[in-house]
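model-v2.txt, holding compact mmCIF, C-alpha atoms:
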# COMPACT_ATOMS: atom_id res chain seq x y z
CA MET A 1 -17.69 32.48 18.12
CA ALA A 2 -18.81 28.91 18.72
CA LEU A 3 -21.49 27.60 16.41
CA THR A 4 -24.89 26.73 17.77
CA GLU A 5 -26.01 23.13 17.88
CA ALA A 6 -28.31 23.74 14.92
CA GLU A 7 -25.44 25.20 12.91
CA VAL A 8 -23.23 22.21 13.71
CA LEU A 9 -26.03 19.85 12.68
CA ALA A 10 -26.51 21.71 9.39
CA GLY A 11 -22.77 21.67 8.69
CA LEU A 12 -22.48 18.00 9.53
CA ALA A 13 -25.48 17.16 7.33
CA GLU A 14 -23.74 18.92 4.46
CA LEU A 15 -20.61 16.79 4.98
CA VAL A 16 -22.69 13.60 5.10
CA ASN A 17 -24.40 14.63 1.87
CA ASP A 18 -21.05 15.38 0.17
CA GLU A 19 -19.63 11.98 1.09
CA THR A 20 -22.64 9.71 0.68
CA GLY A 21 -25.29 11.56 -1.30
CA ILE A 22 -27.74 11.11 1.59
CA SER A 23 -30.16 14.05 1.73
CA ALA A 24 -29.13 16.60 4.35
CA ASP A 25 -32.70 16.58 5.65
CA ALA A 26 -32.33 12.92 6.59
CA VAL A 27 -29.44 13.71 8.92
CA GLN A 28 -31.33 14.25 12.18
CA MET A 29 -30.17 14.12 15.76
CA ASP A 30 -31.74 10.76 16.64
CA LYS A 31 -30.40 8.93 13.57
CA SER A 32 -27.69 6.29 13.88
CA PHE A 33 -24.89 6.66 11.33
CA THR A 34 -24.72 2.95 10.61
CA ASP A 35 -28.19 1.56 11.34
CA ASP A 36 -30.34 4.42 10.01
CA LEU A 37 -28.14 6.23 7.51
CA ASP A 38 -26.22 3.12 6.36
CA ILE A 39 -22.86 4.91 6.44
CA ASP A 40 -19.92 2.50 6.36
CA SER A 41 -16.75 2.84 8.43
CA ILE A 42 -14.67 4.31 5.61
CA SER A 43 -17.23 6.99 4.76
CA MET A 44 -17.61 7.69 8.47
CA MET A 45 -13.88 8.36 8.77
CA THR A 46 -13.98 10.64 5.73
CA ILE A 47 -16.82 12.60 7.33
CA VAL A 48 -14.86 12.78 10.60
CA VAL A 49 -11.74 14.16 8.93
CA ASN A 50 -13.78 16.69 6.97
CA ALA A 51 -15.62 17.66 10.18
CA GLU A 52 -12.27 18.30 11.87
CA ASP A 53 -11.41 20.76 9.10
CA LYS A 54 -14.81 22.38 8.98
CA PHE A 55 -15.33 22.83 12.72
CA GLY A 56 -11.71 23.16 13.87
CA VAL A 57 -11.93 20.24 16.29
CA LYS A 58 -9.79 17.16 16.80
CA ILE A 59 -11.72 13.88 16.77
CA PRO A 60 -9.32 11.09 17.83
CA ASP A 61 -9.67 7.58 16.34
CA GLU A 62 -10.74 6.17 19.72
CA GLU A 63 -13.55 8.75 19.90
CA VAL A 64 -14.96 7.86 16.48
CA LYS A 65 -16.40 4.57 17.70
CA ASN A 66 -18.42 6.46 20.33
CA LEU A 67 -20.14 8.55 17.67
CA ILE A 68 -23.11 6.25 17.20
CA THR A 69 -25.82 8.82 16.49
CA VAL A 70 -25.80 12.19 14.80
CA ALA A 71 -26.45 13.70 18.25
CA ASP A 72 -23.25 12.09 19.56
CA ALA A 73 -21.26 13.80 16.81
CA VAL A 74 -23.03 17.16 17.16
CA ASN A 75 -22.51 17.12 20.95
CA PHE A 76 -18.85 16.15 20.64
CA ILE A 77 -18.17 18.88 18.08
CA SER A 78 -20.16 21.50 20.00
CA SER A 79 -18.37 20.83 23.27
CA ASN A 80 -14.90 20.69 21.70
CA GLN A 81 -14.97 23.74 19.48
CA GLY A 82 -12.03 26.05 19.97
CA MET B 1 49.79 6.98 5.35
CA LYS B 2 47.83 5.32 2.54
CA GLN B 3 44.42 6.73 1.69
CA LEU B 4 41.39 4.53 2.00
CA LEU B 5 39.54 3.67 -1.20
CA GLN B 6 35.80 4.09 -1.35
CA SER B 7 33.46 2.82 -4.04
CA GLU B 8 33.25 4.99 -7.17
CA PRO B 9 29.84 6.64 -7.24
CA VAL B 10 27.70 6.99 -10.34
CA SER B 11 25.44 9.97 -10.83
CA PHE B 12 22.07 8.44 -11.55
CA SER B 13 20.00 5.28 -11.32
CA LYS B 14 16.79 4.04 -12.90
CA ILE B 15 14.49 1.08 -13.12
CA TYR B 16 15.41 -0.93 -16.23
CA ALA B 17 12.46 -3.32 -16.32
CA LEU B 18 9.68 -4.91 -14.31
CA GLY B 19 8.35 -8.44 -14.00
CA ALA B 20 5.11 -9.74 -12.54
CA ALA B 21 3.55 -12.98 -11.35
CA ARG B 22 0.19 -13.49 -9.69
CA GLY B 23 -1.35 -16.39 -7.85
CA ASP B 24 -2.85 -18.91 -10.29
CA MET B 25 -6.30 -18.97 -8.69
CA VAL B 26 -9.00 -16.38 -9.21
CA VAL B 27 -10.93 -16.10 -5.94
CA THR B 28 -14.28 -14.33 -6.22
CA ASN B 29 -16.12 -12.33 -3.59
CA ASP B 30 -18.68 -15.10 -3.39
CA ASP B 31 -15.85 -17.46 -2.48
CA VAL B 32 -14.87 -15.37 0.56
CA ALA B 33 -18.20 -13.81 1.56
CA GLY B 34 -19.70 -16.73 3.46
CA PRO B 35 -17.39 -16.87 6.51
CA ILE B 36 -17.66 -13.10 7.03
CA ASP B 37 -21.43 -13.12 6.57
CA SER B 38 -21.13 -10.74 3.65
CA SER B 39 -21.85 -10.52 -0.06
CA ASP B 40 -20.28 -9.68 -3.39
CA GLU B 41 -22.07 -6.31 -3.34
CA TRP B 42 -20.88 -5.42 0.19
CA ILE B 43 -17.25 -6.25 -0.63
CA ARG B 44 -17.30 -4.33 -3.93
CA GLN B 45 -18.91 -1.31 -2.32
CA ARG B 46 -16.46 -1.12 0.59
CA THR B 47 -13.24 -2.17 -1.13
CA GLY B 48 -13.70 -2.01 -4.90
CA ILE B 49 -12.38 -5.56 -5.08
CA ALA B 50 -14.15 -7.91 -7.49
CA THR B 51 -11.71 -10.83 -7.40
CA ARG B 52 -8.34 -11.52 -5.85
CA ARG B 53 -5.55 -13.74 -7.15
CA ARG B 54 -4.28 -16.40 -4.80
CA ALA B 55 -1.61 -19.02 -5.16
CA THR B 56 -2.46 -22.69 -5.26
CA GLN B 57 -1.15 -24.85 -2.46
CA ASP B 58 1.71 -25.96 -4.72
CA GLN B 59 2.63 -22.46 -5.87
CA SER B 60 5.12 -20.90 -3.48
CA LEU B 61 6.19 -17.35 -2.81
CA MET B 62 9.54 -18.36 -4.28
CA ASP B 63 7.93 -19.71 -7.48
CA MET B 64 6.22 -16.37 -8.06
CA SER B 65 9.40 -14.45 -7.17
CA VAL B 66 11.47 -16.43 -9.67
CA SER B 67 8.91 -15.97 -12.42
CA ALA B 68 8.66 -12.19 -11.88
CA SER B 69 12.45 -11.84 -11.56
CA ASN B 70 13.18 -13.77 -14.74
CA GLU B 71 10.80 -11.54 -16.69
CA ALA B 72 12.46 -8.41 -15.31
CA ILE B 73 15.96 -9.73 -16.02
CA ASN B 74 15.04 -10.71 -19.59
CA LYS B 75 13.33 -7.40 -20.33
CA ALA B 76 16.25 -5.47 -18.87
CA GLY B 77 18.55 -7.37 -21.22
CA ILE B 78 21.18 -7.89 -18.57
CA ASP B 79 23.21 -10.92 -17.60
CA PRO B 80 21.90 -12.04 -14.16
CA ALA B 81 25.52 -12.67 -13.16
CA GLU B 82 25.94 -8.87 -13.17
CA ILE B 83 23.35 -8.48 -10.40
CA ASP B 84 25.31 -7.52 -7.29
CA ALA B 85 22.44 -7.41 -4.82
CA VAL B 86 19.06 -9.09 -4.42
CA ILE B 87 16.53 -7.48 -2.08
CA LEU B 88 13.33 -9.35 -1.29
CA ALA B 89 10.60 -7.35 0.42
CA THR B 90 8.16 -9.72 2.07
CA ILE B 91 6.27 -10.49 5.26
CA SER B 92 5.17 -13.96 4.26
CA PHE B 93 8.29 -15.97 3.40
CA PRO B 94 7.78 -18.92 5.72
CA TYR B 95 11.32 -19.11 7.14
CA GLN B 96 12.70 -16.81 9.83
CA THR B 97 16.11 -17.57 8.32
CA PRO B 98 17.82 -17.95 5.90
CA SER B 99 16.53 -15.15 3.73
CA GLY B 100 14.34 -15.79 0.73
CA ALA B 101 16.56 -13.43 -1.24
CA SER B 102 19.50 -15.77 -0.84
CA LEU B 103 17.61 -18.65 -2.47
CA LEU B 104 16.16 -16.32 -5.09
CA SER B 105 19.62 -15.09 -6.12
CA GLU B 106 20.67 -18.69 -6.72
CA LEU B 107 17.52 -19.56 -8.67
CA VAL B 108 17.75 -16.60 -11.05
CA GLY B 109 21.46 -16.89 -11.79
CA ALA B 110 22.59 -13.97 -9.63
CA LYS B 111 25.09 -16.25 -7.98
CA GLY B 112 27.02 -14.74 -5.12
CA ALA B 113 25.00 -11.51 -5.05
CA ALA B 114 24.53 -9.85 -1.67
CA SER B 115 21.06 -11.02 -0.69
CA TYR B 116 18.70 -10.04 2.06
CA ASP B 117 15.02 -9.71 2.92
CA ILE B 118 13.39 -6.58 4.23
CA SER B 119 10.31 -6.43 6.41
CA ALA B 120 8.45 -3.21 5.73
CA ALA B 121 5.15 -4.82 4.73
CA CYS B 122 3.25 -2.85 2.10
CA ALA B 123 6.01 -0.22 2.01
CA GLY B 124 8.63 -2.92 1.40
CA TYR B 125 8.98 -2.55 -2.36
CA CYS B 126 9.50 1.22 -2.16
CA TYR B 127 12.00 0.67 0.67
CA GLY B 128 13.76 -1.74 -1.68
CA ILE B 129 13.82 0.77 -4.53
CA ALA B 130 15.28 3.37 -2.13
CA GLN B 131 18.02 0.96 -1.11
CA ALA B 132 18.72 -0.13 -4.68
CA ASP B 133 18.99 3.50 -5.77
CA SER B 134 21.54 4.14 -3.02
CA LEU B 135 23.50 0.96 -3.72
CA VAL B 136 23.75 1.76 -7.43
CA ARG B 137 24.62 5.44 -7.05
CA SER B 138 27.20 4.76 -4.36
CA GLY B 139 28.89 2.27 -6.69
CA THR B 140 28.31 -0.58 -4.24
CA ALA B 141 26.27 -2.52 -6.81
CA LYS B 142 25.93 -2.33 -10.59
CA TYR B 143 22.51 -3.95 -10.86
CA VAL B 144 20.09 -4.66 -8.04
CA LEU B 145 17.11 -6.99 -8.24
CA VAL B 146 14.27 -5.71 -6.05
CA VAL B 147 11.34 -8.05 -5.51
CA GLY B 148 8.15 -7.56 -3.54
CA ALA B 149 6.53 -10.96 -3.02
CA GLU B 150 3.79 -12.32 -0.82
CA LYS B 151 1.81 -15.46 -0.28
CA LEU B 152 -0.55 -13.82 2.18
CA SER B 153 -3.10 -16.61 1.82
CA ASP B 154 -0.93 -18.58 4.26
CA PHE B 155 -1.69 -15.95 6.92
CA ILE B 156 -5.41 -15.29 6.59
CA GLU B 157 -8.39 -16.18 8.73
CA PRO B 158 -11.54 -16.65 6.62
CA THR B 159 -13.79 -15.25 9.38
CA ASP B 160 -11.74 -12.06 9.81
CA ARG B 161 -13.66 -9.01 8.59
CA SER B 162 -10.75 -6.58 8.94
CA ILE B 163 -8.34 -7.56 6.18
CA SER B 164 -8.24 -11.25 5.18
CA PHE B 165 -10.89 -10.97 2.47
CA LEU B 166 -8.87 -8.23 0.74
CA LEU B 167 -5.67 -10.21 0.42
CA GLY B 168 -4.05 -11.83 -2.60
CA ASP B 169 -0.75 -13.45 -3.58
CA GLY B 170 1.84 -12.34 -6.11
CA ALA B 171 5.32 -11.08 -6.86
CA GLY B 172 6.63 -8.02 -8.65
CA ALA B 173 10.27 -7.51 -9.61
CA ALA B 174 12.41 -4.59 -10.74
CA ILE B 175 15.96 -4.31 -12.03
CA VAL B 176 17.65 -1.11 -10.86
CA GLY B 177 20.93 -0.03 -12.43
CA PRO B 178 23.09 2.93 -13.45
CA SER B 179 21.68 5.63 -15.72
CA ASP B 180 22.86 8.67 -17.68
CA HIS B 181 19.91 10.69 -16.36
CA PRO B 182 17.88 10.77 -13.11
CA GLY B 183 15.38 7.89 -12.94
CA ILE B 184 14.58 7.61 -9.23
CA SER B 185 13.89 10.65 -7.07
CA LYS B 186 14.74 11.11 -3.41
CA THR B 187 12.69 8.73 -1.29
CA ILE B 188 10.53 10.15 1.46
CA TRP B 189 10.20 7.38 4.02
CA GLY B 190 9.69 6.56 7.63
CA ALA B 191 7.72 4.56 10.16
CA ASP B 192 5.28 5.48 12.91
CA GLY B 193 6.16 3.08 15.70
CA ALA B 194 3.58 4.62 18.01
CA ASN B 195 1.02 2.85 15.84
CA TRP B 196 2.96 -0.41 15.65
CA ASP B 197 -0.14 -2.43 16.49
CA LYS B 198 -2.58 -0.97 13.95
CA VAL B 199 -1.77 -3.59 11.28
CA GLY B 200 -0.04 -6.87 11.97
CA MET B 201 -0.42 -10.38 13.25
CA THR B 202 -3.04 -11.60 15.70
CA ASP B 203 -0.38 -13.19 17.94
CA SER B 204 3.32 -13.96 18.10
CA LEU B 205 4.84 -17.22 16.92
CA LEU B 206 5.89 -17.91 20.52
CA ASP B 207 2.26 -17.77 21.66
CA PHE B 208 1.41 -20.20 18.87
CA ARG B 209 4.27 -22.52 19.86
CA ASP B 210 3.17 -22.46 23.49
CA GLY B 211 -0.42 -23.31 22.60
CA LYS B 212 -1.71 -19.93 23.81
CA ALA B 213 -2.87 -18.79 20.39
CA ALA B 214 -4.02 -20.12 17.04
CA TRP B 215 -1.86 -19.83 13.91
CA PRO B 216 -1.12 -16.08 13.65
CA THR B 217 -2.95 -14.31 10.86
CA LEU B 218 -3.15 -10.76 9.57
CA VAL B 219 -5.45 -8.23 11.19
CA GLN B 220 -5.88 -4.45 11.15
CA GLU B 221 -7.77 -1.57 12.71
CA GLY B 222 -9.30 -0.56 9.42
CA GLN B 223 -10.75 2.81 10.30
CA SER B 224 -7.55 4.16 11.88
CA VAL B 225 -5.46 2.76 9.06
CA PHE B 226 -7.75 4.36 6.49
CA ARG B 227 -7.33 7.79 8.08
CA TRP B 228 -3.54 7.38 8.18
CA ALA B 229 -3.32 5.90 4.68
CA VAL B 230 -5.23 8.75 3.09
CA TRP B 231 -4.53 11.96 4.96
CA GLU B 232 -1.05 11.26 6.32
CA MET B 233 0.07 9.55 3.14
CA ALA B 234 -1.24 12.43 1.03
CA LYS B 235 1.29 14.62 2.87
CA VAL B 236 4.07 12.11 2.21
CA ALA B 237 3.13 11.84 -1.48
CA LYS B 238 3.15 15.63 -1.82
CA GLU B 239 6.53 15.79 -0.11
CA ALA B 240 7.93 13.14 -2.46
CA LEU B 241 6.61 15.00 -5.48
CA GLU B 242 8.14 18.23 -4.25
CA ALA B 243 11.48 16.51 -3.62
CA SER B 244 11.43 15.21 -7.19
CA GLY B 245 11.27 18.72 -8.59
CA LEU B 246 8.18 17.82 -10.60
CA GLN B 247 4.60 19.07 -10.48
CA ALA B 248 1.47 16.92 -10.51
CA GLU B 249 0.96 17.71 -14.20
CA ASP B 250 4.37 16.19 -15.00
CA LEU B 251 3.22 12.77 -13.78
CA SER B 252 1.94 10.00 -16.03
CA ALA B 253 0.73 7.82 -13.18
CA LEU B 254 0.00 7.45 -9.50
CA VAL B 255 0.83 3.97 -8.28
CA THR B 256 -0.14 3.59 -4.66
CA HIS B 257 -0.03 0.47 -2.56
CA GLN B 258 -3.10 -1.44 -3.72
CA ALA B 259 -4.77 -1.76 -0.34
CA ASN B 260 -8.37 -0.98 -1.11
CA GLU B 261 -9.86 1.03 -3.97
CA ARG B 262 -11.55 3.42 -1.53
CA ILE B 263 -8.13 4.40 -0.15
CA ILE B 264 -6.76 4.83 -3.68
CA ASP B 265 -9.74 7.00 -4.68
CA GLU B 266 -9.55 9.21 -1.62
CA LEU B 267 -5.75 9.54 -1.78
CA ALA B 268 -5.94 10.51 -5.46
CA LYS B 269 -8.64 13.05 -4.58
CA GLN B 270 -6.48 14.59 -1.85
CA LEU B 271 -3.58 14.92 -4.31
CA LYS B 272 -5.78 16.83 -6.79
CA LEU B 273 -4.11 15.19 -9.76
CA PRO B 274 -4.92 16.32 -13.29
CA GLU B 275 -7.32 13.98 -15.07
CA ASN B 276 -4.68 12.68 -17.47
CA VAL B 277 -2.68 11.11 -14.62
CA VAL B 278 -3.42 7.37 -14.67
CA VAL B 279 -4.34 6.02 -11.25
CA ALA B 280 -3.38 2.34 -10.99
CA ARG B 281 -6.22 0.10 -9.78
CA ASP B 282 -4.83 -3.40 -9.98
CA VAL B 283 -6.45 -4.09 -6.60
CA VAL B 284 -9.81 -4.57 -8.32
CA ASP B 285 -8.95 -8.03 -9.58
CA THR B 286 -5.64 -8.87 -7.92
CA GLY B 287 -6.54 -7.90 -4.34
CA ASN B 288 -4.11 -6.50 -1.80
CA THR B 289 -0.75 -8.23 -2.24
CA SER B 290 1.22 -6.09 0.25
CA ALA B 291 4.85 -5.71 -0.91
CA ALA B 292 4.02 -7.01 -4.38
CA SER B 293 1.21 -4.60 -5.11
CA ILE B 294 3.10 -1.58 -6.47
CA PRO B 295 5.30 -3.38 -9.02
CA LEU B 296 2.30 -5.49 -10.08
CA ALA B 297 0.17 -2.39 -10.59
CA MET B 298 2.92 -0.53 -12.44
CA HIS B 299 3.67 -3.54 -14.63
CA ARG B 300 0.00 -3.71 -15.53
CA ILE B 301 -0.51 -0.10 -16.58
CA LEU B 302 2.61 -0.40 -18.75
CA ASN B 303 1.45 -3.69 -20.26
CA GLU B 304 -1.99 -2.32 -20.99
CA GLY B 305 -0.47 0.70 -22.71
CA LEU B 306 -2.09 3.17 -20.30
CA VAL B 307 1.30 4.79 -19.74
CA LYS B 308 4.45 4.90 -21.79
CA PRO B 309 8.04 4.10 -20.83
CA GLY B 310 9.89 7.30 -20.01
CA GLY B 311 6.94 8.87 -18.20
CA TYR B 312 7.03 9.56 -14.49
CA ALA B 313 5.10 7.69 -11.82
CA LEU B 314 4.67 8.65 -8.21
CA GLU B 315 4.75 5.44 -6.20
CA ILE B 316 3.86 5.23 -2.53
CA GLY B 317 3.80 2.22 -0.24
CA PHE B 318 2.28 2.22 3.24
CA GLY B 319 1.29 -0.39 5.77
CA ALA B 320 2.24 -2.32 8.88
CA GLY B 321 4.79 -0.56 11.02
CA LEU B 322 3.25 1.83 10.24
CA ALA B 323 5.92 2.06 7.55
CA TYR B 324 5.78 4.20 4.45
CA ALA B 325 7.94 5.22 1.48
CA ALA B 326 7.34 7.29 -1.64
CA GLN B 327 9.41 8.25 -4.64
CA VAL B 328 8.96 9.31 -8.24
CA VAL B 329 10.39 6.91 -10.81
CA GLU B 330 10.81 6.96 -14.54
CA LEU B 331 8.63 4.24 -16.01
CA PRO B 332 10.76 1.51 -17.60

What would you get if you wrote out this structure as structure tokens?
Amino acid sequence: MALTEAEVLAGLAELVNDETGISADAVQMDKSFTDDLDIDSISMMTIVVNAEDKFGVKIPDEEVKNLITVADAVNFISSNQG
Amino acid sequence: MKQLLQSEPVSFSKIYALGAARGDMVVTNDDVAGPIDSSDEWIRQRTGIATRRRATQDQSLMDMSVSASNEAINKAGIDPAEIDAVILATISFPYQTPSGASLLSELVGAKGAASYDISAACAGYCYGIAQADSLVRSGTAKYVLVVGAEKLSDFIEPTDRSISFLLGDGAGAAIVGPSDHPGISKTIWGADGANWDKVGMTDSLLDFRDGKAAWPTLVQEGQSVFRWAVWEMAKVAKEALEASGLQAEDLSALVTHQANERIIDELAKQLKLPENVVVARDVVDTGNTSAASIPLAMHRILNEGLVKPGGYALEIGFGAGLAYAAQVVELP
């Protein structure tokens, strides 16, 4: 069964925390990965690959640059879950 | 009808010795940070690089190649006249032809040796080891000199934020020859031509000649390359280890292409190596020297006594092409 948006957000926040140490509470829908959370491109790709595993979705390289905010990522994952 | 003669094969090959030469200049992060509007802290955090070694204007790719080769030849204790083939892996020798290897063979006393360059970028040295292993075991060559050498500083753009600030200059050399026991495992190699444009030059030489482009320099799509270099290369490294018949705990060292410390860290993490396996990190003060980086890094961990001759190292090169090659070798 597909995860709810809140469950995807919680799972993503956990991945962000694992990679960067940023508190999961800080990972909110309106936050920008680079401007607000200060996540660099290499960490972002690590989070993307781990998100693919965790949520069973494929996030192509060309899609990664469109994931500006946490909401972008949550929406992409939610709408592409198997 | 007479039967054709083929070369007499030998059972095994190994690396006899390594040699290393780095650019004479130490270039700090502060030296390169200005044009990319960056800082020492930013570069260290994203790449792990503190300094990179670059050649002076008077120090050529060939100078470094000769120096590294002579060290390897001397340490191997062989007569350079017995070298039957010289393979130079490089993307920065400044002549389309003749090959750099041909001049190198003359300069190191390997007169008349079969000599050729290979263009497999950061995988070039491991491609060269694969070829040398085959040449030796087939009986086509007794000793092979394999050199990875780059003067990448001739092909950088100071304002490029994708790769230029990572790059360094150097040469690493290996002598491969016959052995009474296995010293080089089966190479797992290939190239992903669908991603031909992910790392390479900004423009072709023809565009430069015709005034349509500036002097071509190196550039990459860093994020895509990072994903490929870690998660795809982890699969290749595991395949190479499996083909060698060894387990991770049998390794003394992991010597990856020294692209960026973040890639090395993540790749090592994916391989779940035991803590006693030394992970080479020459990139921290040499920078990314493409084809030279693996022999330089291996030479260093041997020189510093972090690993002992006779141990096994998993080496994996990956880069433009996207070309890759991995094998396990006995440390010389």

Compile a residue-level contact table for chain A against chain B at a cut-off of 10 Å, reporting for every qualifying residue the shortest atom pair and its distance in Å to one decimal, with only C-alpha atoms counted, rows ordered by chain and ascending number, as a tab-separated table.
residue	atom	partner	partner_atom	distance
A:Asp40	CA	B:Arg46	CA	7.6
A:Ser41	CA	B:Gln223	CA	6.3
A:Ile42	CA	B:Gln223	CA	6.3
A:Ser43	CA	B:Arg46	CA	9.2
A:Met44	CA	B:Gln223	CA	8.6
A:Met45	CA	B:Gln223	CA	6.6
A:Thr46	CA	B:Arg227	CA	7.6
A:Val48	CA	B:Arg227	CA	9.4
A:Val49	CA	B:Arg227	CA	7.8
A:Pro60	CA	B:Ser224	CA	9.3
A:Asp61	CA	B:Ser224	CA	6.0
A:Glu62	CA	B:Ser224	CA	8.7
A:Val64	CA	B:Gln223	CA	9.0
A:Lys65	CA	B:Gln223	CA	9.5

Tell me, as a PyMOL selection string, which residues lie within 12 Å of stretch 68-81 of chain A, counting all atoms listed in the file; anything in the same chain fewer than 6 positions away does not count.
chain A and resi 1-13+16+24+26-41+44+47-48+51-60

Just want the 12 Å neighbourhood of B:Asp197, counted on only C-alpha atoms, with same-chain residues fewer than 5 positions away dropped. Output as a ChimeraX atom specification.
/B:192,202-203,218-222,224-225,319-323

When you look at B:Glu261 with a cut-off of 12 Å (counting all atoms listed in the file), what residues show up, excluding the ones that are within fewer than 6 positions of it in the same chain? I need them as a list in words.
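Non-adjacent residues within range: Ile42 of chain A; Ile43, Arg44, Gln45, Arg46, Thr47, Gly48, Ile49, Ala50, Leu166, Phe226, Ala229, Val230, Val255, Leu267, Ala268, Val279, Ala280, Arg281, Asp282, Val283, Val284, Asp285, Thr286, Gly287 and Asn288 of chain B.
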
Do a neighbour search on stretch 67-71 of chain B at 7 Å with only C-alpha atoms, toss out local chain neighbours closer than 3 positions, and write the hits as a compact mmCIF listing (two decimals) with C-alpha atoms, keeping the file's coordinate frame.
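Final output, part24.txt:
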# COMPACT_ATOMS: atom_id res chain seq x y z
CA GLY B 19 8.35 -8.44 -14.00
CA ALA B 20 5.11 -9.74 -12.54
CA ALA B 21 3.55 -12.98 -11.35
CA ASP B 63 7.93 -19.71 -7.48
CA MET B 64 6.22 -16.37 -8.06
CA ASN B 74 15.04 -10.71 -19.59
CA LYS B 75 13.33 -7.40 -20.33
CA VAL B 108 17.75 -16.60 -11.05
CA ALA B 171 5.32 -11.08 -6.86
CA GLY B 172 6.63 -8.02 -8.65
CA ALA B 173 10.27 -7.51 -9.61

Take stretch 62-74 of chain A, model N, CA and C atoms, and hand the result over as a PDB file, in the coordinates of the input.
ATOM      1  N   GLU A  62     -10.028   6.921  18.667  1.00  0.00           N
ATOM      2  CA  GLU A  62     -10.740   6.170  19.720  1.00  0.00           C
ATOM      3  C   GLU A  62     -12.093   6.804  20.057  1.00  0.00           C
ATOM      4  N   GLU A  63     -12.271   8.068  19.668  1.00  0.00           N
ATOM      5  CA  GLU A  63     -13.550   8.750  19.900  1.00  0.00           C
ATOM      6  C   GLU A  63     -14.570   8.402  18.816  1.00  0.00           C
ATOM      7  N   VAL A  64     -14.060   8.066  17.625  1.00  0.00           N
ATOM      8  CA  VAL A  64     -14.960   7.860  16.480  1.00  0.00           C
ATOM      9  C   VAL A  64     -15.957   6.726  16.756  1.00  0.00           C
ATOM     10  N   LYS A  65     -15.485   5.695  17.454  1.00  0.00           N
ATOM     11  CA  LYS A  65     -16.400   4.570  17.700  1.00  0.00           C
ATOM     12  C   LYS A  65     -17.520   4.920  18.677  1.00  0.00           C
ATOM     13  N   ASN A  66     -17.345   6.021  19.410  1.00  0.00           N
ATOM     14  CA  ASN A  66     -18.420   6.460  20.330  1.00  0.00           C
ATOM     15  C   ASN A  66     -19.467   7.328  19.631  1.00  0.00           C
ATOM     16  N   LEU A  67     -19.193   7.692  18.402  1.00  0.00           N
ATOM     17  CA  LEU A  67     -20.140   8.550  17.670  1.00  0.00           C
ATOM     18  C   LEU A  67     -21.163   7.664  16.964  1.00  0.00           C
ATOM     19  N   ILE A  68     -22.113   7.189  17.740  1.00  0.00           N
ATOM     20  CA  ILE A  68     -23.110   6.250  17.200  1.00  0.00           C
ATOM     21  C   ILE A  68     -24.219   7.016  16.466  1.00  0.00           C
ATOM     22  N   THR A  69     -24.718   8.047  17.106  1.00  0.00           N
ATOM     23  CA  THR A  69     -25.820   8.820  16.490  1.00  0.00           C
ATOM     24  C   THR A  69     -25.315  10.196  16.045  1.00  0.00           C
ATOM     25  N   VAL A  70     -26.112  10.831  15.247  1.00  0.00           N
ATOM     26  CA  VAL A  70     -25.800  12.190  14.800  1.00  0.00           C
ATOM     27  C   VAL A  70     -25.669  13.103  16.027  1.00  0.00           C
ATOM     28  N   ALA A  71     -26.524  12.882  17.032  1.00  0.00           N
ATOM     29  CA  ALA A  71     -26.450  13.700  18.250  1.00  0.00           C
ATOM     30  C   ALA A  71     -25.094  13.536  18.939  1.00  0.00           C
ATOM     31  N   ASP A  72     -24.561  12.321  18.953  1.00  0.00           N
ATOM     32  CA  ASP A  72     -23.250  12.090  19.560  1.00  0.00           C
ATOM     33  C   ASP A  72     -22.200  12.981  18.890  1.00  0.00           C
ATOM     34  N   ALA A  73     -22.253  13.014  17.559  1.00  0.00           N
ATOM     35  CA  ALA A  73     -21.260  13.800  16.810  1.00  0.00           C
ATOM     36  C   ALA A  73     -21.474  15.298  17.036  1.00  0.00           C
ATOM     37  N   VAL A  74     -22.729  15.728  16.978  1.00  0.00           N
ATOM     38  CA  VAL A  74     -23.030  17.160  17.160  1.00  0.00           C
ATOM     39  C   VAL A  74     -22.586  17.597  18.575  1.00  0.00           C
TER      40      VAL A  74
END
